[in-house]
file entry_37.tsv (TSV, C-alpha atoms)
chain	number	residue	atom	x	y	z
A	1	MET	CA	-48.76	49.30	-32.91
A	2	GLN	CA	-47.58	52.86	-33.51
A	3	SER	CA	-46.17	53.80	-36.88
A	4	ARG	CA	-42.52	54.67	-37.35
A	5	ARG	CA	-43.33	58.35	-37.70
A	6	SER	CA	-45.46	58.64	-34.55
A	7	PHE	CA	-43.02	57.50	-32.89
A	8	LEU	CA	-32.44	50.59	-18.95
A	9	ALA	CA	-23.00	43.67	-4.22
A	10	GLY	CA	-20.72	43.71	-1.92
A	11	GLY	CA	-20.21	45.62	1.29
A	12	ALA	CA	-21.00	49.06	-0.08
A	13	ALA	CA	-24.27	47.78	-1.53
A	14	THR	CA	-25.23	46.16	1.78
A	15	ALA	CA	-24.51	49.40	3.57
A	16	ALA	CA	-26.64	51.33	1.07
A	17	LEU	CA	-29.50	48.90	1.63
A	18	SER	CA	-29.41	49.25	5.40
A	19	ARG	CA	-29.01	53.04	5.33
A	20	SER	CA	-31.86	53.68	2.91
A	21	ALA	CA	-34.47	51.04	3.77
A	22	ILE	CA	-37.82	52.59	4.69
A	23	GLY	CA	-41.22	51.38	5.73
A	24	ALA	CA	-43.71	49.51	3.56
A	25	ASN	CA	-46.02	52.54	3.44
A	26	ASP	CA	-43.57	54.42	1.23
A	27	ARG	CA	-42.84	51.77	-1.39
A	28	ILE	CA	-42.07	52.57	-5.03
A	29	ARG	CA	-44.11	50.44	-7.43
A	30	LEU	CA	-41.87	49.37	-10.29
A	31	ALA	CA	-42.35	47.86	-13.75
A	32	ILE	CA	-39.53	46.43	-15.88
A	33	ILE	CA	-39.68	47.01	-19.64
A	34	GLY	CA	-37.16	44.83	-21.46
A	35	ALA	CA	-36.48	41.76	-19.34
A	36	GLY	CA	-33.48	40.21	-21.09
A	37	THR	CA	-30.04	39.71	-19.57
A	38	ARG	CA	-29.55	43.34	-18.54
A	39	GLY	CA	-33.15	43.86	-17.48
A	40	SER	CA	-33.05	40.78	-15.30
A	41	TYR	CA	-29.83	41.90	-13.64
A	42	VAL	CA	-30.80	45.54	-13.01
A	43	GLY	CA	-34.30	44.44	-12.02
A	44	GLY	CA	-32.62	42.22	-9.45
A	45	VAL	CA	-30.72	45.23	-8.12
A	46	PHE	CA	-33.96	47.19	-7.76
A	47	THR	CA	-35.68	44.35	-5.93
A	48	ASP	CA	-32.79	44.11	-3.45
A	49	PHE	CA	-34.25	47.25	-1.87
A	50	PRO	CA	-37.19	46.69	0.50
A	51	ASP	CA	-38.95	49.90	-0.58
A	52	VAL	CA	-39.44	48.58	-4.14
A	53	GLU	CA	-42.54	46.63	-5.12
A	54	LEU	CA	-42.37	44.88	-8.49
A	55	VAL	CA	-45.78	44.91	-10.19
A	56	SER	CA	-45.10	44.12	-13.86
A	57	VAL	CA	-42.50	42.62	-16.21
A	58	CYS	CA	-42.79	43.53	-19.90
A	59	ASP	CA	-40.96	42.01	-22.86
A	60	VAL	CA	-41.80	41.33	-26.50
A	61	TYR	CA	-40.52	37.74	-26.18
A	62	LYS	CA	-42.95	35.56	-24.21
A	63	PRO	CA	-40.45	33.10	-22.67
A	64	THR	CA	-38.30	35.97	-21.38
A	65	ARG	CA	-41.10	37.92	-19.73
A	66	GLU	CA	-42.64	34.84	-18.15
A	67	GLN	CA	-39.34	33.48	-16.85
A	68	GLN	CA	-38.25	36.80	-15.36
A	69	ALA	CA	-41.66	37.52	-13.85
A	70	ALA	CA	-41.53	34.12	-12.17
A	71	LYS	CA	-37.91	34.49	-11.05
A	72	LEU	CA	-38.25	38.00	-9.61
A	73	GLY	CA	-41.70	37.22	-8.27
A	74	GLU	CA	-40.30	34.30	-6.30
A	75	LYS	CA	-37.49	36.51	-4.97
A	76	THR	CA	-39.86	39.26	-3.84
A	77	LYS	CA	-42.73	36.93	-2.85
A	78	SER	CA	-45.00	38.76	-5.29
A	79	HIS	CA	-46.86	38.05	-8.50
A	80	PRO	CA	-45.86	40.62	-11.14
A	81	ASP	CA	-47.86	40.58	-14.35
A	82	ALA	CA	-46.06	39.41	-17.49
A	83	VAL	CA	-47.10	41.57	-20.47
A	84	ALA	CA	-45.91	42.08	-24.06
A	85	ASP	CA	-46.88	45.70	-24.79
A	86	TYR	CA	-45.23	48.47	-22.77
A	87	ARG	CA	-48.30	50.68	-23.24
A	88	ARG	CA	-50.25	48.38	-20.96
A	89	VAL	CA	-47.65	49.16	-18.28
A	90	LEU	CA	-47.95	52.92	-18.80
A	91	ASP	CA	-51.74	52.68	-18.56
A	92	ARG	CA	-51.53	51.31	-15.01
A	93	LYS	CA	-52.26	53.62	-12.10
A	94	ASP	CA	-50.28	51.42	-9.70
A	95	VAL	CA	-46.90	51.99	-11.44
A	96	ASP	CA	-44.75	54.80	-10.04
A	97	ALA	CA	-41.53	54.14	-11.95
A	98	ILE	CA	-40.26	52.03	-14.82
A	99	LEU	CA	-36.93	50.39	-15.57
A	100	ILE	CA	-36.14	50.60	-19.30
A	101	THR	CA	-33.65	47.97	-20.44
A	102	THR	CA	-34.76	47.65	-24.05
A	103	PRO	CA	-32.77	48.12	-27.28
A	104	ASP	CA	-31.63	51.73	-27.61
A	105	HIS	CA	-34.10	52.79	-30.32
A	106	TRP	CA	-36.96	52.27	-27.85
A	107	HIS	CA	-35.52	54.46	-25.08
A	108	GLY	CA	-36.86	57.68	-26.59
A	109	PRO	CA	-40.50	56.71	-27.20
A	110	MET	CA	-40.73	54.99	-23.83
A	111	ILE	CA	-39.30	57.86	-21.79
A	112	ILE	CA	-41.43	60.40	-23.64
A	113	GLU	CA	-44.63	58.39	-23.17
A	114	ALA	CA	-43.75	57.46	-19.58
A	115	SER	CA	-43.23	61.15	-18.78
A	116	GLN	CA	-46.61	61.99	-20.29
A	117	ALA	CA	-48.16	59.19	-18.21
A	118	GLY	CA	-46.65	60.55	-14.99
A	119	LYS	CA	-44.04	57.81	-14.52
A	120	ASP	CA	-40.42	58.28	-13.46
A	121	ALA	CA	-37.79	56.18	-15.25
A	122	TYR	CA	-34.41	54.56	-14.83
A	123	CYS	CA	-33.11	54.00	-18.35
A	124	GLU	CA	-29.97	52.16	-19.42
A	125	LYS	CA	-27.43	54.01	-21.51
A	126	PRO	CA	-27.10	55.34	-24.12
A	127	LEU	CA	-29.86	57.91	-23.88
A	128	SER	CA	-31.02	57.22	-27.45
A	129	ASN	CA	-29.72	56.28	-30.89
A	130	SER	CA	-30.86	59.66	-32.27
A	131	ILE	CA	-29.90	63.24	-31.38
A	132	GLU	CA	-33.32	64.56	-32.39
A	133	VAL	CA	-35.15	61.99	-30.28
A	134	GLY	CA	-32.81	62.74	-27.39
A	135	GLN	CA	-33.83	66.41	-27.49
A	136	LYS	CA	-37.51	65.43	-27.44
A	137	MET	CA	-36.84	63.21	-24.44
A	138	ARG	CA	-35.32	66.12	-22.52
A	139	GLN	CA	-38.27	68.32	-23.33
A	140	ALA	CA	-40.83	65.71	-22.26
A	141	VAL	CA	-39.07	64.99	-18.96
A	142	ARG	CA	-38.74	68.66	-18.03
A	143	ARG	CA	-42.25	69.56	-19.19
A	144	ASN	CA	-43.79	66.81	-17.10
A	145	LYS	CA	-41.43	67.27	-14.12
A	146	ARG	CA	-40.29	63.64	-14.07
A	147	VAL	CA	-37.23	62.05	-12.46
A	148	VAL	CA	-35.05	60.16	-14.96
A	149	GLN	CA	-31.76	58.45	-14.21
A	150	ILE	CA	-29.54	57.22	-17.06
A	151	GLY	CA	-27.57	54.05	-16.34
A	152	LEU	CA	-24.05	55.46	-16.51
A	153	GLN	CA	-23.13	53.70	-13.29
A	154	GLN	CA	-19.44	54.64	-13.28
A	155	ARG	CA	-20.57	58.00	-11.85
A	156	SER	CA	-21.52	56.04	-8.70
A	157	TRP	CA	-18.29	53.99	-8.56
A	158	GLN	CA	-15.90	54.97	-5.78
A	159	HIS	CA	-12.56	54.73	-7.58
A	160	PHE	CA	-13.96	56.61	-10.60
A	161	GLN	CA	-15.05	59.37	-8.20
A	162	GLU	CA	-11.64	59.47	-6.52
A	163	ASN	CA	-9.83	59.77	-9.84
A	164	ALA	CA	-12.20	62.49	-11.04
A	165	LYS	CA	-10.99	64.56	-8.10
A	166	ARG	CA	-7.34	63.85	-8.96
A	167	VAL	CA	-7.77	65.12	-12.51
A	168	GLN	CA	-9.89	68.10	-11.47
A	169	ASP	CA	-7.44	69.04	-8.71
A	170	GLY	CA	-4.65	69.23	-11.29
A	171	LEU	CA	-2.60	66.19	-10.27
A	172	ILE	CA	-1.46	65.59	-13.88
A	173	GLY	CA	-1.47	69.24	-14.91
A	174	LYS	CA	-3.46	70.64	-17.80
A	175	VAL	CA	-5.08	67.78	-19.74
A	176	TYR	CA	-4.70	68.17	-23.50
A	177	HIS	CA	-5.84	64.75	-24.70
A	178	ALA	CA	-8.56	62.38	-23.40
A	179	GLU	CA	-8.37	58.90	-24.90
A	180	CYS	CA	-11.34	56.51	-24.87
A	181	ILE	CA	-10.44	52.89	-25.60
A	182	TYR	CA	-12.64	49.83	-25.96
A	183	GLN	CA	-11.26	46.73	-27.65
A	184	GLY	CA	-13.84	44.88	-29.73
A	185	ASN	CA	-16.76	45.25	-32.11
A	186	TYR	CA	-20.21	43.77	-32.72
A	187	THR	CA	-20.10	43.83	-36.53
A	188	ARG	CA	-20.92	40.45	-38.09
A	189	PRO	CA	-22.54	39.11	-41.28
A	190	GLU	CA	-26.27	39.25	-40.66
A	191	GLY	CA	-27.33	35.93	-42.16
A	192	GLU	CA	-30.43	35.09	-44.16
A	193	PRO	CA	-33.92	36.20	-43.10
A	194	THR	CA	-36.18	33.61	-41.51
A	195	ALA	CA	-39.57	33.56	-39.88
A	196	PRO	CA	-39.41	35.08	-36.37
A	197	PRO	CA	-39.94	32.77	-33.39
A	198	PRO	CA	-43.66	32.25	-32.75
A	199	ASP	CA	-43.39	33.73	-29.23
A	200	LEU	CA	-41.67	36.94	-30.42
A	201	ASP	CA	-43.60	40.06	-31.45
A	202	TRP	CA	-41.18	41.17	-34.18
A	203	ASP	CA	-43.21	44.25	-35.13
A	204	LEU	CA	-43.21	45.43	-31.54
A	205	PHE	CA	-39.48	44.75	-31.25
A	206	GLN	CA	-38.80	47.02	-34.25
A	207	GLY	CA	-41.22	49.70	-33.05
A	208	PRO	CA	-40.09	53.12	-34.33
A	209	ALA	CA	-37.26	51.64	-36.44
A	210	GLU	CA	-37.20	50.88	-40.15
A	211	ARG	CA	-39.11	47.69	-40.95
A	212	ARG	CA	-36.72	44.81	-41.72
A	213	PRO	CA	-37.08	41.05	-42.18
A	214	TYR	CA	-36.29	39.01	-39.12
A	215	THR	CA	-32.82	37.54	-38.65
A	216	ALA	CA	-31.55	35.89	-35.50
A	217	MET	CA	-28.67	38.35	-35.32
A	218	ARG	CA	-31.02	41.35	-35.32
A	219	GLN	CA	-32.73	39.97	-32.26
A	220	ARG	CA	-29.70	38.72	-30.35
A	221	SER	CA	-27.03	41.23	-31.47
A	222	TRP	CA	-29.19	44.29	-32.04
A	223	ARG	CA	-26.42	46.62	-30.80
A	224	ALA	CA	-24.55	46.01	-34.06
A	225	PHE	CA	-27.22	47.72	-36.20
A	226	TYR	CA	-27.80	51.40	-36.96
A	227	ASP	CA	-31.54	50.71	-36.79
A	228	TYR	CA	-31.41	49.97	-33.09
A	229	SER	CA	-28.07	51.21	-31.73
A	230	GLY	CA	-24.56	52.13	-32.88
A	231	GLY	CA	-22.16	49.28	-32.19
A	232	THR	CA	-19.53	49.43	-29.48
A	233	LEU	CA	-19.12	53.16	-30.12
A	234	LEU	CA	-22.62	53.98	-28.87
A	235	ASP	CA	-22.67	51.15	-26.33
A	236	TRP	CA	-19.34	51.13	-24.48
A	237	GLY	CA	-18.23	54.43	-25.97
A	238	THR	CA	-20.91	56.34	-24.08
A	239	HIS	CA	-19.55	55.08	-20.76
A	240	LEU	CA	-16.14	56.42	-21.79
A	241	THR	CA	-17.26	59.78	-23.14
A	242	ASP	CA	-19.34	60.27	-19.98
A	243	VAL	CA	-16.24	59.81	-17.81
A	244	ALA	CA	-14.25	62.18	-20.05
A	245	HIS	CA	-16.96	64.88	-19.82
A	246	TRP	CA	-17.21	64.39	-16.06
A	247	TYR	CA	-13.48	64.56	-15.39
A	248	MET	CA	-12.93	67.48	-17.77
A	249	GLY	CA	-16.00	69.44	-16.69
A	250	VAL	CA	-17.31	69.91	-20.22
A	251	GLN	CA	-20.71	69.48	-21.82
A	252	GLU	CA	-20.44	69.42	-25.61
A	253	PRO	CA	-17.79	69.04	-28.33
A	254	LEU	CA	-17.11	71.59	-31.03
A	255	SER	CA	-16.74	69.07	-33.84
A	256	CYS	CA	-16.43	65.39	-34.67
A	257	SER	CA	-14.65	63.47	-37.42
A	258	ALA	CA	-14.21	59.74	-37.90
A	259	SER	CA	-12.81	57.06	-40.14
A	260	GLY	CA	-13.62	53.38	-40.32
A	261	GLN	CA	-13.08	50.30	-42.41
A	262	TYR	CA	-14.57	46.82	-42.71
A	263	VAL	CA	-11.39	44.81	-42.22
A	264	ARG	CA	-12.28	41.55	-40.52
A	265	VAL	CA	-15.71	41.10	-42.08
A	266	PRO	CA	-17.21	41.89	-45.51
A	267	PRO	CA	-18.84	45.35	-45.72
A	268	GLN	CA	-22.02	45.53	-43.66
A	269	PRO	CA	-23.78	48.76	-44.74
A	270	LEU	CA	-26.36	48.54	-41.94
A	271	GLN	CA	-23.67	48.20	-39.25
A	272	LEU	CA	-20.66	50.21	-38.09
A	273	PRO	CA	-17.23	49.41	-39.55
A	274	ASP	CA	-15.40	46.86	-37.43
A	275	SER	CA	-12.23	48.98	-37.21
A	276	LEU	CA	-12.72	52.65	-36.41
A	277	ALA	CA	-11.29	55.83	-34.93
A	278	VAL	CA	-13.20	58.94	-33.86
A	279	THR	CA	-11.88	62.39	-32.91
A	280	TRP	CA	-13.71	65.20	-31.13
A	281	LYS	CA	-12.43	68.74	-30.71
A	282	TYR	CA	-13.18	70.70	-27.50
A	283	PRO	CA	-12.13	74.26	-26.65
A	284	GLN	CA	-9.16	73.14	-24.50
A	285	PHE	CA	-8.41	69.54	-25.49
A	286	VAL	CA	-8.92	66.72	-27.99
A	287	MET	CA	-10.78	63.48	-27.30
A	288	THR	CA	-10.36	60.27	-29.30
A	289	TYR	CA	-11.97	56.83	-29.39
A	290	THR	CA	-10.70	53.64	-30.95
A	291	ASN	CA	-11.67	49.98	-30.78
A	292	CYS	CA	-8.30	48.71	-32.08
A	293	VAL	CA	-5.49	48.59	-29.54
A	294	ARG	CA	-2.67	46.29	-28.49
A	295	GLN	CA	-3.35	44.78	-25.06
A	296	ASN	CA	-0.88	44.99	-22.18
A	297	PRO	CA	-0.52	41.72	-20.23
A	298	ASP	CA	0.30	43.67	-17.07
A	299	PHE	CA	-2.67	46.06	-17.08
A	300	ASP	CA	-5.95	46.28	-18.98
A	301	VAL	CA	-5.52	49.19	-21.39
A	302	GLN	CA	-9.25	49.67	-21.95
A	303	GLY	CA	-10.98	52.61	-20.36
A	304	ASN	CA	-10.16	56.32	-20.08
A	305	HIS	CA	-6.68	57.81	-20.44
A	306	PHE	CA	-5.98	61.45	-19.57
A	307	LEU	CA	-2.72	62.94	-20.86
A	308	GLY	CA	-1.61	66.08	-19.04
A	309	THR	CA	1.30	68.48	-19.04
A	310	GLY	CA	2.49	67.04	-15.71
A	311	GLY	CA	1.63	63.37	-16.06
A	312	TRP	CA	-1.03	60.90	-17.13
A	313	LEU	CA	-3.87	58.95	-15.54
A	314	GLN	CA	-5.79	55.88	-16.66
A	315	VAL	CA	-8.95	54.47	-15.10
A	316	ASN	CA	-11.18	51.51	-15.94
A	317	ARG	CA	-13.41	49.05	-14.12
A	318	THR	CA	-10.57	46.91	-12.82
A	319	GLY	CA	-8.15	49.55	-11.66
A	320	TYR	CA	-6.37	52.83	-12.19
A	321	ARG	CA	-2.84	54.13	-12.48
A	322	TYR	CA	-1.14	57.49	-12.75
A	323	ARG	CA	2.41	58.73	-12.94
A	324	PRO	CA	4.31	61.97	-13.60
A	325	ASN	CA	5.96	62.82	-16.88
A	326	PRO	CA	9.74	62.37	-16.79
A	327	THR	CA	11.59	65.56	-15.92
A	328	GLY	CA	13.12	67.03	-19.02
A	329	GLY	CA	10.91	64.97	-21.29
A	330	ARG	CA	8.26	66.22	-23.64
A	331	GLY	CA	5.78	68.56	-22.04
A	332	ALA	CA	6.16	70.52	-18.85
A	333	PRO	CA	7.15	68.67	-15.67
A	334	ALA	CA	4.55	68.20	-12.94
A	335	THR	CA	3.92	71.38	-10.99
A	336	THR	CA	3.84	69.33	-7.80
A	337	PRO	CA	5.80	66.05	-8.01
A	338	PHE	CA	3.83	62.94	-7.09
A	339	GLU	CA	4.53	59.26	-6.68
A	340	PRO	CA	3.33	56.88	-9.39
A	341	VAL	CA	0.44	54.61	-8.39
A	342	SER	CA	-0.94	51.46	-10.00
A	343	GLN	CA	-3.95	49.66	-8.55
A	344	SER	CA	-5.65	46.57	-9.99
A	345	PHE	CA	-8.58	44.66	-8.52
A	346	ARG	CA	-11.28	42.19	-9.41
A	347	TYR	CA	-14.22	43.56	-11.36
A	348	ASP	CA	-17.24	44.08	-9.09
A	349	GLY	CA	-19.95	46.37	-10.38
A	350	GLY	CA	-22.44	45.46	-7.66
A	351	PRO	CA	-21.77	48.34	-5.24
A	352	SER	CA	-21.92	51.02	-7.93
A	353	ASP	CA	-25.03	49.49	-9.52
A	354	HIS	CA	-26.78	49.47	-6.15
A	355	ALA	CA	-25.64	53.01	-5.37
A	356	HIS	CA	-26.89	54.25	-8.75
A	357	VAL	CA	-30.30	52.61	-8.30
A	358	ARG	CA	-30.51	53.84	-4.70
A	359	ASN	CA	-29.82	57.38	-5.85
A	360	PHE	CA	-32.69	57.10	-8.35
A	361	LEU	CA	-35.10	55.75	-5.73
A	362	ASP	CA	-34.20	58.51	-3.30
A	363	CYS	CA	-34.72	61.13	-6.03
A	364	VAL	CA	-38.12	59.67	-6.91
A	365	LYS	CA	-39.09	60.52	-3.34
A	366	SER	CA	-37.29	63.86	-3.03
A	367	ARG	CA	-37.99	65.01	-6.64
A	368	GLN	CA	-34.38	66.08	-7.02
A	369	ASP	CA	-32.24	65.45	-10.11
A	370	PRO	CA	-30.31	62.16	-9.87
A	371	VAL	CA	-26.58	61.66	-10.47
A	372	VAL	CA	-27.08	61.23	-14.23
A	373	SER	CA	-30.09	63.34	-15.14
A	374	ILE	CA	-31.76	63.37	-18.55
A	375	ASP	CA	-29.60	66.38	-19.53
A	376	THR	CA	-26.34	64.81	-18.38
A	377	GLY	CA	-27.33	61.62	-20.18
A	378	PHE	CA	-27.97	63.56	-23.38
A	379	TYR	CA	-24.63	65.37	-23.40
A	380	SER	CA	-22.70	62.24	-22.45
A	381	THR	CA	-24.31	60.38	-25.36
A	382	LEU	CA	-23.93	63.28	-27.80
A	383	PRO	CA	-20.27	62.63	-28.78
A	384	THR	CA	-20.94	58.99	-29.67
A	385	LEU	CA	-24.05	59.89	-31.66
A	386	LEU	CA	-22.00	62.41	-33.63
A	387	GLY	CA	-19.38	59.71	-34.13
A	388	VAL	CA	-21.93	57.24	-35.48
A	389	MET	CA	-23.20	59.90	-37.90
A	390	ALA	CA	-19.66	60.73	-39.04
A	391	LEU	CA	-18.87	57.07	-39.70
A	392	ARG	CA	-22.16	56.29	-41.39
A	393	ASN	CA	-22.27	59.35	-43.62
A	394	GLY	CA	-18.57	59.92	-44.21
A	395	LYS	CA	-18.77	63.53	-43.00
A	396	THR	CA	-17.30	65.79	-40.35
A	397	TYR	CA	-19.88	67.40	-38.06
A	398	SER	CA	-19.81	70.57	-36.02
A	399	TRP	CA	-22.09	70.91	-33.03
A	400	ASP	CA	-24.13	74.12	-32.97
A	401	GLY	CA	-24.85	74.53	-29.27
A	402	GLN	CA	-27.07	77.56	-29.81
A	403	ARG	CA	-29.41	75.66	-32.12
A	404	ALA	CA	-28.64	72.30	-30.48
A	405	GLN	CA	-28.05	70.49	-33.74
A	406	ALA	CA	-25.30	68.88	-35.77
A	407	VAL	CA	-24.15	70.83	-38.80
call {"tool": "encode", "arguments": {"input": "entry_37.tsv", "output": "structure tokens"}}
result
Amino acid sequence: MQSRRSFLAGGAATAALSRSAIGANDRIRLAIIGAGTRGSYVGGVFTDFPDVELVSVCDVYKPTREQQAAKLGEKTKSHPDAVADYRRVLDRKDVDAILITTPDHWHGPMIIEASQAGKDAYCEKPLSNSIEVGQKMRQAVRRNKRVVQIGLQQRSWQHFQENAKRVQDGLIGKVYHAECIYQGNYTRPEGEPTAPPPDLDWDLFQGPAERRPYTAMRQRSWRAFYDYSGGTLLDWGTHLTDVAHWYMGVQEPLSCSASGQYVRVPPQPLQLPDSLAVTWKYPQFVMTYTNCVRQNPDFDVQGNHFLGTGGWLQVNRTGYRYRPNPTGGRGAPATTPFEPVSQSFRYDGGPSDHAHVRNFLDCVKSRQDPVVSIDTGFYSTLPTLLGVMALRNGKTYSWDGQRAQAV
């Protein structure tokens, strides 16, 4: 075990499968690292494509790795190995690419070591739980000429793409405020330490993180802890800041400030506050994030809101809506009047998940950058990492783009 210091359907999906299927002689040999709920699902998306051959399933918890190896092996009529240590996967010569769906603190070491071992990687968001590690990831990927896709799948979602064009084409005028809203938090009392389950390698789970006693919450709700992630801000927030960067055509904020309070639970110093607000300043607009909002029974308020001089637009995973500002109201009227639109639909992430995976597989073969490259993944995660730092340390941070560090 390495020391702390040395140290990822529907009609559109079906169409993507039929368009991109290739012969068995050009198959991509895949290993899954982190086979829990998300790993099982995304691994299932990968194995929907006939040019993917699953050779290994890796997880630190024995029942999980064995169950998912059996399940996906039955689906693909194969016999993937079930292993505990990801380094055994990287040692294999018959692995072309890996799917990383581990806790966030493992993303960095695994992408760095996979790049050094000549493996491409599809890694779930966020890029990392550390700015410094994220920079090292970028360097390793570029130095070793690897293909890495970060799992910010909204970039591959049709209605998100259509609304990006609306904002960029100036439908709502000049955008001065981008709101990011996600209702909820992961912060909970941790509970008393106990012995870890006998089939769990707790040291390997912690990996590069600070050594802590085992609690069930650390294993099952790891996203709540600074050691492994950054609460809903780093988890869901990165999806939202990615969309804001994409729509606004920006890469990095100028500064970040935040405030938070433990309101619904007693103070949990190793977890984010359960009520929080974060503000980022950009050259031409302000971006905010909050996890405390009043819901609208007529339309899900979560997601991205763009406020412009001519109108406003909201988009999330179950719909979008936009409308002009009232003439004579605050702000300038729309340059070109437009009709208000409101569209709601059932959540279905299958087509975008398949499109995102397909893009990665095609880029493994073409050696082109995918939709969300390692660099895009870094800059989309950067605002939320600054926000976690601001909340944890009670400071305001400026981002020094020239030196690529928080000040």
call {"tool": "closest_atom_pairs", "arguments": {"input": "entry_37.tsv", "of": "stretch 327-379 of chain A", "to": "stretch 221-241 of chain A", "cutoff": "12 Å", "atoms": "only C-alpha atoms", "output": "Markdown table"}}
result
| residue | atom | partner | partner_atom | distance |
| --- | --- | --- | --- | --- |
| A:Val372 | CA | A:His239 | CA | 11.7 |
| A:Thr376 | CA | A:Thr241 | CA | 11.4 |
| A:Gly377 | CA | A:Thr238 | CA | 9.2 |
| A:Phe378 | CA | A:Thr238 | CA | 10.1 |
| A:Tyr379 | CA | A:Thr241 | CA | 9.3 |
call {"tool": "closest_atom_pairs", "arguments": {"input": "entry_37.tsv", "of": "stretch 117-161 of chain A", "to": "stretch 242-261 of chain A", "cutoff": "8 Å", "atoms": "only C-alpha atoms", "output": "tab-separated table"}}
result
residue	atom	partner	partner_atom	distance
A:Leu152	CA	A:Asp242	CA	7.6
A:Gln154	CA	A:Val243	CA	7.6
A:Arg155	CA	A:Val243	CA	7.6
call {"tool": "atom_distance", "arguments": {"input": "entry_37.tsv", "atom1": "atom CA of A:Phe46", "atom2": "atom CA of A:Arg220"}}
result
24.5 Å
call {"tool": "atom_distance", "arguments": {"input": "entry_37.tsv", "atom1": "atom CA of A:Pro324", "atom2": "atom CA of A:Ser380"}}
result
28.4 Å
call {"tool": "residues_around", "arguments": {"input": "entry_37.tsv", "residues": "stretch 131-139 of chain A", "least_positions_apart": "2", "cutoff": "12 Å", "atoms": "all atoms listed in the file", "output": "ChimeraX atom specification"}}
result
/A:5-7,104-116,121,123,125-129,141-150,208,373-389,399,403-406
call {"tool": "write_last_selection", "arguments": {"input": "entry_37.tsv", "atoms": "C-alpha atoms", "output": "mmCIF file, in the frame of the given file"}}
result
data_model
loop_
_atom_site.group_PDB
_atom_site.id
_atom_site.type_symbol
_atom_site.label_atom_id
_atom_site.label_comp_id
_atom_site.auth_asym_id
_atom_site.auth_seq_id
_atom_site.Cartn_x
_atom_site.Cartn_y
_atom_site.Cartn_z
ATOM 1 C CA ARG A 5 -43.330 58.350 -37.700
ATOM 2 C CA SER A 6 -45.460 58.640 -34.550
ATOM 3 C CA PHE A 7 -43.020 57.500 -32.890
ATOM 4 C CA ASP A 104 -31.630 51.730 -27.610
ATOM 5 C CA HIS A 105 -34.100 52.790 -30.320
ATOM 6 C CA TRP A 106 -36.960 52.270 -27.850
ATOM 7 C CA HIS A 107 -35.520 54.460 -25.080
ATOM 8 C CA GLY A 108 -36.860 57.680 -26.590
ATOM 9 C CA PRO A 109 -40.500 56.710 -27.200
ATOM 10 C CA MET A 110 -40.730 54.990 -23.830
ATOM 11 C CA ILE A 111 -39.300 57.860 -21.790
ATOM 12 C CA ILE A 112 -41.430 60.400 -23.640
ATOM 13 C CA GLU A 113 -44.630 58.390 -23.170
ATOM 14 C CA ALA A 114 -43.750 57.460 -19.580
ATOM 15 C CA SER A 115 -43.230 61.150 -18.780
ATOM 16 C CA GLN A 116 -46.610 61.990 -20.290
ATOM 17 C CA ALA A 121 -37.790 56.180 -15.250
ATOM 18 C CA CYS A 123 -33.110 54.000 -18.350
ATOM 19 C CA LYS A 125 -27.430 54.010 -21.510
ATOM 20 C CA PRO A 126 -27.100 55.340 -24.120
ATOM 21 C CA LEU A 127 -29.860 57.910 -23.880
ATOM 22 C CA SER A 128 -31.020 57.220 -27.450
ATOM 23 C CA ASN A 129 -29.720 56.280 -30.890
ATOM 24 C CA VAL A 141 -39.070 64.990 -18.960
ATOM 25 C CA ARG A 142 -38.740 68.660 -18.030
ATOM 26 C CA ARG A 143 -42.250 69.560 -19.190
ATOM 27 C CA ASN A 144 -43.790 66.810 -17.100
ATOM 28 C CA LYS A 145 -41.430 67.270 -14.120
ATOM 29 C CA ARG A 146 -40.290 63.640 -14.070
ATOM 30 C CA VAL A 147 -37.230 62.050 -12.460
ATOM 31 C CA VAL A 148 -35.050 60.160 -14.960
ATOM 32 C CA GLN A 149 -31.760 58.450 -14.210
ATOM 33 C CA ILE A 150 -29.540 57.220 -17.060
ATOM 34 C CA PRO A 208 -40.090 53.120 -34.330
ATOM 35 C CA SER A 373 -30.090 63.340 -15.140
ATOM 36 C CA ILE A 374 -31.760 63.370 -18.550
ATOM 37 C CA ASP A 375 -29.600 66.380 -19.530
ATOM 38 C CA THR A 376 -26.340 64.810 -18.380
ATOM 39 C CA GLY A 377 -27.330 61.620 -20.180
ATOM 40 C CA PHE A 378 -27.970 63.560 -23.380
ATOM 41 C CA TYR A 379 -24.630 65.370 -23.400
ATOM 42 C CA SER A 380 -22.700 62.240 -22.450
ATOM 43 C CA THR A 381 -24.310 60.380 -25.360
ATOM 44 C CA LEU A 382 -23.930 63.280 -27.800
ATOM 45 C CA PRO A 383 -20.270 62.630 -28.780
ATOM 46 C CA THR A 384 -20.940 58.990 -29.670
ATOM 47 C CA LEU A 385 -24.050 59.890 -31.660
ATOM 48 C CA LEU A 386 -22.000 62.410 -33.630
ATOM 49 C CA GLY A 387 -19.380 59.710 -34.130
ATOM 50 C CA VAL A 388 -21.930 57.240 -35.480
ATOM 51 C CA MET A 389 -23.200 59.900 -37.900
ATOM 52 C CA TRP A 399 -22.090 70.910 -33.030
ATOM 53 C CA ARG A 403 -29.410 75.660 -32.120
ATOM 54 C CA ALA A 404 -28.640 72.300 -30.480
ATOM 55 C CA GLN A 405 -28.050 70.490 -33.740
ATOM 56 C CA ALA A 406 -25.300 68.880 -35.770
#
call {"tool": "atom_distance", "arguments": {"input": "entry_37.tsv", "atom1": "atom CA of A:Ser342", "atom2": "atom CA of A:Trp280"}}
result
28.3 Å
call {"tool": "residues_around", "arguments": {"input": "entry_37.tsv", "residues": "A:Val301", "least_positions_apart": "3", "cutoff": "12 Å", "atoms": "only C-alpha atoms", "output": "list in words"}}
result
Glu179, Cys180, Ile181, Tyr182, Gln183, Thr290, Asn291, Cys292, Val293, Arg294, Gln295, Asn296, Pro297, Asp298, Asn304, His305, Leu313, Gln314, Val315, Asn316, Arg317, Thr318, Gly319, Tyr320, Arg321 and Ser344 of chain A
